[in-house]
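**Q** This is the structure, below, for whatever I ask next.
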Amino acid sequence: MVKKITVSKIMSDSEIASKEGEHFDEKHYKTIVDEDADVYTTDGKLLLKLRKKVFPKSLTDKALESYRKVAKAKKDNRGASAGKLDRNKLPTYVGELVNKKKCRTGFISSVSGKKSSQLVGNLAPSNIIGYYDKIDRNYAKKNAAPCRLTAFNRDYPELWDNSIDFLKAADRQFKKLVPEAHKKQLKQCQAVPDFAIADTAFSTVTVNYSWRTALHKDAGDYMDGFGNLMVIEDHENPNKYRGAYTGFPQYGVAANVRTGDFLAMDVHEWHANTEFKPVNKVKGTYKQKDVDNQWHYNRLSIVCYLREKMIRCKDMDFSKYDQKSHKMSGGGYGDISENKNIENNNVSNVDSLKKNIFNLLPVEWIKHIKTNFDLLD
Ligand SMILES: O=C(O)CCC(=O)C(=O)O
Ligand SMILES: [Fe+2]
C-alpha cells in the first residue's frame with residue numbers, strides 16, 4: 001500500500017498569493033515526502049503523487065544527453081517563478097528600469113539606448129522544447145501559423161528524437177497515477193497530432209538546470225490536466241546538492257524528487273523550490289555570476305504538459321500560412337552571451353573562434369541574427 005498523506009492549508013489564499021515571486025526555505029515545510037506517497041488536501045483534492053526510482057538509467061541518461069545544453073540557456077521570460085527582480089539576475093542588455101513591478105519590468109536598452117517594447121524578469125536557466133501554441137513574436141507580421149516547433153526541435157531533431165522514449169515512459173506514469181486527468185489530456189492533445197509528442201498526452205516540455213523556482217503557479221497549460229515532473233542529476237557535473245525540494249508552501253508539504261523519480265503534481269497550486277544545499281565545494285570553472293545565482297548544481301528538472309491553446313490548430317489548413325511557418329521558430333534557445341561556459345569539446349578551432357566573436361556581440365544583436373538569419377546554431 002502506498003502511503004497516503006492528508007494536508008491542510010497553513011496559509012490563506014490571499015496570504016499565499018501575496019508571496020508570489022518569493023522563496024520558501026526548507027524550514028517552512030512540516031513534511032518532506034521522500035518515499036512513494038499520495039498527498040491529498042483535506043477537501044479530497046489530489047496535490048501530488050511521488051514515485052521513487054521508476055525510470056531506468058538507460059532512459060534518464062538519454063534525456064540528460066538530449067536536454068543538458070538547452071536547459072542551461074538562460075531566459076528572461078519566466079516571470080514570477082524567476083523571483084523578485086535582482087540586478088545580478090537581469091540580462092546585460094537591460095539598462096535603466098522603467099515601470100518596475102515585483103518580478104517584471106520595462107527597460108531602456110543598454111544597447112540601443114531606446115525603450116524596449118518588451119518586459120523582462122530575472123534570467124533563469126529554463127527553456128521550452130517540443131511544440132508551442134503561439135506565433136513567434138519575430139514572425140508576427142509574416143502570416144505565420146499559430147502552432148509551431150520550438151527552436152530546439154527545429155535545430156536539434158536528433159536530440160529530440162533520442163528523448164522520446166523517456167517522455168513516453170513519463171506519460172505511462174501519468175496514465176497510471178492520475179488516469180482521469182490523463183484521459184482528458186490525451187484526447188485533447190491527440191486531437192492535434194502534428195503537435196503532440198508521439199502518442200503521449202504532452203505537447204511541450206520545460207527543462208530547467210540548477211534552477212530554484214520562486215513561488216508561482218504554472219500558466220498556459222491545459223487546466224483539466226495534471227503536471228508531471230522528473231529530475232535527473234547530471235553525472236558530468238560534480239556539483240552535487242541536497243534540498244531543492246519541490247514544495248507547496250500553502251500546505252507545508254514538499255517532495256524530494258531525484259534521478260529516476262516521478263512526481264505527478266498539481267501545477268495550478270502555488271509551488272516553489274527550497275534552497276540548494278551544497279554537498280561539496282564548487283568544482284569546475286564557472287562565472288562568478290553563475291555561482292552567485294546557484295546555477296552550477298547538477299539538477300536537471302523536466303516538466304511535461306499540454307499547451308492549452310494548441311487545440312486552436314485542430315484540423316488547421318497550414319497551406320494558408322506562409323510556407324513551412326509551422327515548422328519554424330524564431331529566437332533560438334540560447335542567450336549566447338550568458339552561456340560562454342557551455343562546454344563543447346568537439347568544436348573545431350574555427351568554430352570556437354566564430355563562437356568567441358559572436359559572444360562579444362551585444363545580446364540583442366545575437367538574438368536578431370539568430371532570428372532572422374540561419375547563421376548560428
Ligand atoms: O524543478 C522543480 O522542482 C519545479 C519546476 C517548476 O515548477 C516549473 O518549471 O514550473
Ligand atoms: Fe512550476
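The way I read the labels, and the way they are meant: chains A, B, ... in the order of the C-alpha cells, residue 1 as the first residue of every chain, and ligand 1 as the first ligand shown, with later ones counted on from there.
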When the cut-off is 10 Å and you count only C-alpha atoms and all ligand atoms, which residues lie near ligand 2, shown as an NGL selection string?
**A** :A and (78 or 80-81 or 206 or 213-219 or 227-229 or 246 or 265-273 or 303)
**Q** Please dump the current selection as a PDB file, in the first residue's frame; keep N, CA and C atoms.
**A**
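So part.pdb came out as:
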ATOM      1  N   ARG A  78      10.519  33.989 -17.551  1.00  0.00           N
ATOM      2  CA  ARG A  78       9.860  33.024 -16.658  1.00  0.00           C
ATOM      3  C   ARG A  78       9.058  33.693 -15.547  1.00  0.00           C
ATOM      4  N   ALA A  80       7.158  35.249 -12.484  1.00  0.00           N
ATOM      5  CA  ALA A  80       7.255  35.121 -11.025  1.00  0.00           C
ATOM      6  C   ALA A  80       8.175  33.983 -10.596  1.00  0.00           C
ATOM      7  N   SER A  81       8.186  32.888 -11.380  1.00  0.00           N
ATOM      8  CA  SER A  81       8.999  31.743 -10.948  1.00  0.00           C
ATOM      9  C   SER A  81      10.492  32.077 -10.928  1.00  0.00           C
ATOM     10  N   THR A 206       9.168  21.643 -20.398  1.00  0.00           N
ATOM     11  CA  THR A 206      10.040  22.705 -19.876  1.00  0.00           C
ATOM     12  C   THR A 206      11.224  22.029 -19.208  1.00  0.00           C
ATOM     13  N   THR A 213      13.005  27.560  -8.301  1.00  0.00           N
ATOM     14  CA  THR A 213      11.882  28.434  -8.650  1.00  0.00           C
ATOM     15  C   THR A 213      11.387  29.170  -7.398  1.00  0.00           C
ATOM     16  N   ALA A 214      10.912  30.392  -7.623  1.00  0.00           N
ATOM     17  CA  ALA A 214      10.226  31.151  -6.579  1.00  0.00           C
ATOM     18  C   ALA A 214       8.731  30.840  -6.696  1.00  0.00           C
ATOM     19  N   LEU A 215       7.947  31.337  -5.753  1.00  0.00           N
ATOM     20  CA  LEU A 215       6.530  30.959  -5.694  1.00  0.00           C
ATOM     21  C   LEU A 215       5.771  31.349  -6.970  1.00  0.00           C
ATOM     22  N   HIS A 216       5.124  30.366  -7.577  1.00  0.00           N
ATOM     23  CA  HIS A 216       4.370  30.602  -8.819  1.00  0.00           C
ATOM     24  C   HIS A 216       3.334  29.501  -9.013  1.00  0.00           C
ATOM     25  N   LYS A 217       2.417  29.765  -9.949  1.00  0.00           N
ATOM     26  CA  LYS A 217       1.557  28.709 -10.494  1.00  0.00           C
ATOM     27  C   LYS A 217       1.923  28.613 -11.961  1.00  0.00           C
ATOM     28  N   ASP A 218       1.878  27.419 -12.546  1.00  0.00           N
ATOM     29  CA  ASP A 218       2.172  27.308 -13.975  1.00  0.00           C
ATOM     30  C   ASP A 218       1.014  27.911 -14.767  1.00  0.00           C
ATOM     31  N   ALA A 219       1.326  28.446 -15.925  1.00  0.00           N
ATOM     32  CA  ALA A 219       0.293  29.069 -16.767  1.00  0.00           C
ATOM     33  C   ALA A 219       0.444  28.566 -18.196  1.00  0.00           C
ATOM     34  N   GLY A 227       0.248  18.103 -13.793  1.00  0.00           N
ATOM     35  CA  GLY A 227       1.670  18.343 -14.054  1.00  0.00           C
ATOM     36  C   GLY A 227       2.503  17.086 -13.828  1.00  0.00           C
ATOM     37  N   ASN A 228       3.593  16.983 -14.549  1.00  0.00           N
ATOM     38  CA  ASN A 228       4.465  15.810 -14.465  1.00  0.00           C
ATOM     39  C   ASN A 228       5.902  16.293 -14.355  1.00  0.00           C
ATOM     40  N   LEU A 229       6.557  15.970 -13.259  1.00  0.00           N
ATOM     41  CA  LEU A 229       7.916  16.473 -13.044  1.00  0.00           C
ATOM     42  C   LEU A 229       8.911  15.338 -12.814  1.00  0.00           C
ATOM     43  N   THR A 246      10.657  20.228  -4.247  1.00  0.00           N
ATOM     44  CA  THR A 246       9.532  20.869  -4.925  1.00  0.00           C
ATOM     45  C   THR A 246       8.393  20.987  -3.908  1.00  0.00           C
ATOM     46  N   MET A 265       2.053  16.321 -10.073  1.00  0.00           N
ATOM     47  CA  MET A 265       1.808  17.456  -9.165  1.00  0.00           C
ATOM     48  C   MET A 265       0.773  18.407  -9.742  1.00  0.00           C
ATOM     49  N   ASP A 266      -0.023  19.005  -8.839  1.00  0.00           N
ATOM     50  CA  ASP A 266      -0.999  19.985  -9.283  1.00  0.00           C
ATOM     51  C   ASP A 266      -0.278  21.314  -9.474  1.00  0.00           C
ATOM     52  N   VAL A 267       0.087  21.601 -10.732  1.00  0.00           N
ATOM     53  CA  VAL A 267       0.881  22.806 -11.026  1.00  0.00           C
ATOM     54  C   VAL A 267       0.038  24.078 -10.986  1.00  0.00           C
ATOM     55  N   HIS A 268      -1.300  23.898 -10.774  1.00  0.00           N
ATOM     56  CA  HIS A 268      -2.142  25.087 -10.633  1.00  0.00           C
ATOM     57  C   HIS A 268      -2.304  25.496  -9.177  1.00  0.00           C
ATOM     58  N   GLU A 269      -1.627  24.789  -8.287  1.00  0.00           N
ATOM     59  CA  GLU A 269      -1.486  25.241  -6.897  1.00  0.00           C
ATOM     60  C   GLU A 269      -0.145  25.972  -6.812  1.00  0.00           C
ATOM     61  N   TRP A 270      -0.014  26.874  -5.839  1.00  0.00           N
ATOM     62  CA  TRP A 270       1.246  27.611  -5.657  1.00  0.00           C
ATOM     63  C   TRP A 270       2.376  26.647  -5.339  1.00  0.00           C
ATOM     64  N   HIS A 271       3.480  26.772  -6.045  1.00  0.00           N
ATOM     65  CA  HIS A 271       4.632  25.916  -5.737  1.00  0.00           C
ATOM     66  C   HIS A 271       5.952  26.662  -5.929  1.00  0.00           C
ATOM     67  N   ALA A 272       6.998  26.101  -5.345  1.00  0.00           N
ATOM     68  CA  ALA A 272       8.325  26.737  -5.350  1.00  0.00           C
ATOM     69  C   ALA A 272       9.350  25.728  -4.849  1.00  0.00           C
ATOM     70  N   ASN A 273      10.631  25.984  -5.122  1.00  0.00           N
ATOM     71  CA  ASN A 273      11.680  25.070  -4.634  1.00  0.00           C
ATOM     72  C   ASN A 273      12.335  25.596  -3.360  1.00  0.00           C
ATOM     73  N   VAL A 303       9.567  19.229 -16.921  1.00  0.00           N
ATOM     74  CA  VAL A 303       8.121  19.294 -16.699  1.00  0.00           C
ATOM     75  C   VAL A 303       7.421  19.040 -18.038  1.00  0.00           C
TER      76      VAL A 303
END
**Q** Using only C-alpha atoms, which residues sit within 10 Å of Asn77 (chain A) once same-chain residues fewer than 5 positions away are excluded, as a list in words?
**A**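 After dropping sequence-adjacent residues, the list is Ala82, Arg104, Gln118, Leu119, Val120, Gly121, Asn122, Leu123, Ala124, Ser126 and Asn127 of chain A.
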**Q** Could you write those residues out with C-alpha atoms, as an mmCIF file, in the first residue's frame?
**A**
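Contents of the output file part_3.cif:
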data_model
loop_
_atom_site.group_PDB
_atom_site.id
_atom_site.type_symbol
_atom_site.label_atom_id
_atom_site.label_comp_id
_atom_site.auth_asym_id
_atom_site.auth_seq_id
_atom_site.Cartn_x
_atom_site.Cartn_y
_atom_site.Cartn_z
ATOM 1 C CA ALA A 82 12.321 33.540 -11.634
ATOM 2 C CA ARG A 104 8.859 42.082 -14.265
ATOM 3 C CA GLN A 118 9.330 44.007 -24.026
ATOM 4 C CA LEU A 119 9.004 43.248 -20.336
ATOM 5 C CA VAL A 120 11.745 41.218 -18.715
ATOM 6 C CA GLY A 121 12.274 39.329 -15.495
ATOM 7 C CA ASN A 122 15.284 37.698 -13.891
ATOM 8 C CA LEU A 123 17.209 35.298 -16.095
ATOM 9 C CA ALA A 124 16.556 31.645 -15.421
ATOM 10 C CA SER A 126 14.853 27.315 -18.120
ATOM 11 C CA ASN A 127 13.691 26.574 -21.639
#
**Q** For region 187-189 of chain A, please output as a PDB file with N, CA and C atoms, in the first residue's frame all residues within 12 Å (counting only C-alpha atoms; exclusion window: fewer than 4 positions along the same chain).
**A**
ATOM      1  N   TYR A 131       6.583  21.467 -28.779  1.00  0.00           N
ATOM      2  CA  TYR A 131       5.750  22.299 -29.659  1.00  0.00           C
ATOM      3  C   TYR A 131       5.157  23.453 -28.872  1.00  0.00           C
ATOM      4  N   ASP A 133       2.223  26.962 -28.766  1.00  0.00           N
ATOM      5  CA  ASP A 133       0.901  27.342 -29.271  1.00  0.00           C
ATOM      6  C   ASP A 133       0.735  28.839 -29.501  1.00  0.00           C
ATOM      7  N   GLU A 180      -7.787   9.750 -14.766  1.00  0.00           N
ATOM      8  CA  GLU A 180      -8.873  10.590 -15.346  1.00  0.00           C
ATOM      9  C   GLU A 180      -8.296  11.813 -16.048  1.00  0.00           C
ATOM     10  N   ALA A 181      -7.378  12.489 -15.364  1.00  0.00           N
ATOM     11  CA  ALA A 181      -6.767  13.686 -15.962  1.00  0.00           C
ATOM     12  C   ALA A 181      -5.986  13.298 -17.215  1.00  0.00           C
ATOM     13  N   HIS A 182      -5.328  12.136 -17.167  1.00  0.00           N
ATOM     14  CA  HIS A 182      -4.560  11.693 -18.332  1.00  0.00           C
ATOM     15  C   HIS A 182      -5.476  11.450 -19.530  1.00  0.00           C
ATOM     16  N   LYS A 183      -6.617  10.835 -19.263  1.00  0.00           N
ATOM     17  CA  LYS A 183      -7.549  10.511 -20.341  1.00  0.00           C
ATOM     18  C   LYS A 183      -8.009  11.782 -21.072  1.00  0.00           C
ATOM     19  N   PRO A 193      -2.569  16.024 -33.775  1.00  0.00           N
ATOM     20  CA  PRO A 193      -1.443  15.082 -33.745  1.00  0.00           C
ATOM     21  C   PRO A 193      -0.114  15.663 -34.240  1.00  0.00           C
ATOM     22  N   ASP A 194      -0.172  16.673 -35.120  1.00  0.00           N
ATOM     23  CA  ASP A 194       1.089  17.265 -35.596  1.00  0.00           C
ATOM     24  C   ASP A 194       1.875  17.910 -34.456  1.00  0.00           C
ATOM     25  N   PHE A 195       1.152  18.293 -33.412  1.00  0.00           N
ATOM     26  CA  PHE A 195       1.813  18.980 -32.301  1.00  0.00           C
ATOM     27  C   PHE A 195       1.667  18.215 -30.993  1.00  0.00           C
ATOM     28  N   ALA A 196       1.529  16.904 -31.119  1.00  0.00           N
ATOM     29  CA  ALA A 196       1.533  16.020 -29.949  1.00  0.00           C
ATOM     30  C   ALA A 196       2.861  15.282 -29.944  1.00  0.00           C
ATOM     31  N   ILE A 197       3.404  15.037 -28.766  1.00  0.00           N
ATOM     32  CA  ILE A 197       4.664  14.307 -28.665  1.00  0.00           C
ATOM     33  C   ILE A 197       4.349  12.810 -28.759  1.00  0.00           C
ATOM     34  N   ALA A 198       4.648  12.242 -29.906  1.00  0.00           N
ATOM     35  CA  ALA A 198       4.338  10.824 -30.194  1.00  0.00           C
ATOM     36  C   ALA A 198       2.899  10.514 -29.761  1.00  0.00           C
ATOM     37  N   ASP A 199       2.696   9.412 -29.041  1.00  0.00           N
ATOM     38  CA  ASP A 199       1.326   9.048 -28.641  1.00  0.00           C
ATOM     39  C   ASP A 199       1.026   9.469 -27.205  1.00  0.00           C
ATOM     40  N   THR A 200       1.741  10.453 -26.709  1.00  0.00           N
ATOM     41  CA  THR A 200       1.570  10.864 -25.309  1.00  0.00           C
ATOM     42  C   THR A 200       0.491  11.945 -25.167  1.00  0.00           C
ATOM     43  N   ALA A 201       0.270  12.353 -23.920  1.00  0.00           N
ATOM     44  CA  ALA A 201      -0.667  13.436 -23.622  1.00  0.00           C
ATOM     45  C   ALA A 201       0.081  14.777 -23.503  1.00  0.00           C
ATOM     46  N   PHE A 202       1.285  14.838 -24.046  1.00  0.00           N
ATOM     47  CA  PHE A 202       2.107  16.045 -23.930  1.00  0.00           C
ATOM     48  C   PHE A 202       2.359  16.696 -25.289  1.00  0.00           C
ATOM     49  N   SER A 203       2.363  18.040 -25.264  1.00  0.00           N
ATOM     50  CA  SER A 203       2.797  18.775 -26.458  1.00  0.00           C
ATOM     51  C   SER A 203       4.136  19.457 -26.204  1.00  0.00           C
ATOM     52  N   THR A 204       4.450  19.646 -24.934  1.00  0.00           N
ATOM     53  CA  THR A 204       5.516  20.591 -24.602  1.00  0.00           C
ATOM     54  C   THR A 204       6.258  20.149 -23.345  1.00  0.00           C
ATOM     55  N   ASP A 221      -0.896  25.958 -19.547  1.00  0.00           N
ATOM     56  CA  ASP A 221      -1.090  24.522 -19.774  1.00  0.00           C
ATOM     57  C   ASP A 221      -2.569  24.175 -19.581  1.00  0.00           C
ATOM     58  N   TYR A 222      -2.943  23.021 -20.075  1.00  0.00           N
ATOM     59  CA  TYR A 222      -4.331  22.540 -20.088  1.00  0.00           C
ATOM     60  C   TYR A 222      -4.867  22.416 -18.652  1.00  0.00           C
ATOM     61  N   MET A 223      -5.961  23.137 -18.376  1.00  0.00           N
ATOM     62  CA  MET A 223      -6.434  23.249 -16.993  1.00  0.00           C
ATOM     63  C   MET A 223      -6.932  21.931 -16.399  1.00  0.00           C
ATOM     64  N   ASP A 224      -7.529  21.063 -17.214  1.00  0.00           N
ATOM     65  CA  ASP A 224      -8.056  19.803 -16.686  1.00  0.00           C
ATOM     66  C   ASP A 224      -7.010  18.694 -16.635  1.00  0.00           C
ATOM     67  N   GLY A 225      -5.782  19.034 -16.976  1.00  0.00           N
ATOM     68  CA  GLY A 225      -4.719  18.021 -16.968  1.00  0.00           C
ATOM     69  C   GLY A 225      -4.023  17.974 -15.624  1.00  0.00           C
ATOM     70  N   TYR A 305       3.800  18.720 -20.247  1.00  0.00           N
ATOM     71  CA  TYR A 305       2.425  19.191 -20.183  1.00  0.00           C
ATOM     72  C   TYR A 305       1.850  19.393 -21.579  1.00  0.00           C
ATOM     73  N   LEU A 306       0.586  19.803 -21.603  1.00  0.00           N
ATOM     74  CA  LEU A 306      -0.078  20.122 -22.871  1.00  0.00           C
ATOM     75  C   LEU A 306      -0.367  21.618 -22.891  1.00  0.00           C
ATOM     76  N   ARG A 307       0.032  22.314 -23.928  1.00  0.00           N
ATOM     77  CA  ARG A 307      -0.292  23.740 -24.062  1.00  0.00           C
ATOM     78  C   ARG A 307      -1.796  23.862 -24.341  1.00  0.00           C
ATOM     79  N   GLU A 308      -2.466  24.722 -23.592  1.00  0.00           N
ATOM     80  CA  GLU A 308      -3.936  24.752 -23.686  1.00  0.00           C
ATOM     81  C   GLU A 308      -4.452  25.304 -25.012  1.00  0.00           C
ATOM     82  N   LYS A 309      -3.693  26.174 -25.661  1.00  0.00           N
ATOM     83  CA  LYS A 309      -4.206  26.775 -26.894  1.00  0.00           C
ATOM     84  C   LYS A 309      -3.852  25.963 -28.147  1.00  0.00           C
ATOM     85  N   MET A 310      -3.174  24.848 -27.959  1.00  0.00           N
ATOM     86  CA  MET A 310      -2.801  24.033 -29.119  1.00  0.00           C
ATOM     87  C   MET A 310      -4.046  23.563 -29.875  1.00  0.00           C
ATOM     88  N   ILE A 311      -5.134  23.415 -29.141  1.00  0.00           N
ATOM     89  CA  ILE A 311      -6.374  22.909 -29.721  1.00  0.00           C
ATOM     90  C   ILE A 311      -6.894  23.822 -30.848  1.00  0.00           C
ATOM     91  N   ARG A 312      -6.486  25.092 -30.831  1.00  0.00           N
ATOM     92  CA  ARG A 312      -6.895  26.003 -31.910  1.00  0.00           C
ATOM     93  C   ARG A 312      -6.380  25.522 -33.268  1.00  0.00           C
ATOM     94  N   CYS A 313      -5.383  24.666 -33.260  1.00  0.00           N
ATOM     95  CA  CYS A 313      -4.801  24.199 -34.527  1.00  0.00           C
ATOM     96  C   CYS A 313      -5.372  22.861 -34.979  1.00  0.00           C
ATOM     97  N   LYS A 314      -6.454  22.417 -34.335  1.00  0.00           N
ATOM     98  CA  LYS A 314      -7.117  21.174 -34.741  1.00  0.00           C
ATOM     99  C   LYS A 314      -7.588  21.324 -36.191  1.00  0.00           C
TER     100      LYS A 314
END
**Q** What is the CA of Leu159 (chain A)-CA of Pro146 (chain A) distance in Å, reported with one decimal?
**A**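 If I compute the distance from CA of Leu159 (chain A) to CA of Pro146 (chain A), I get 24.2 Å.
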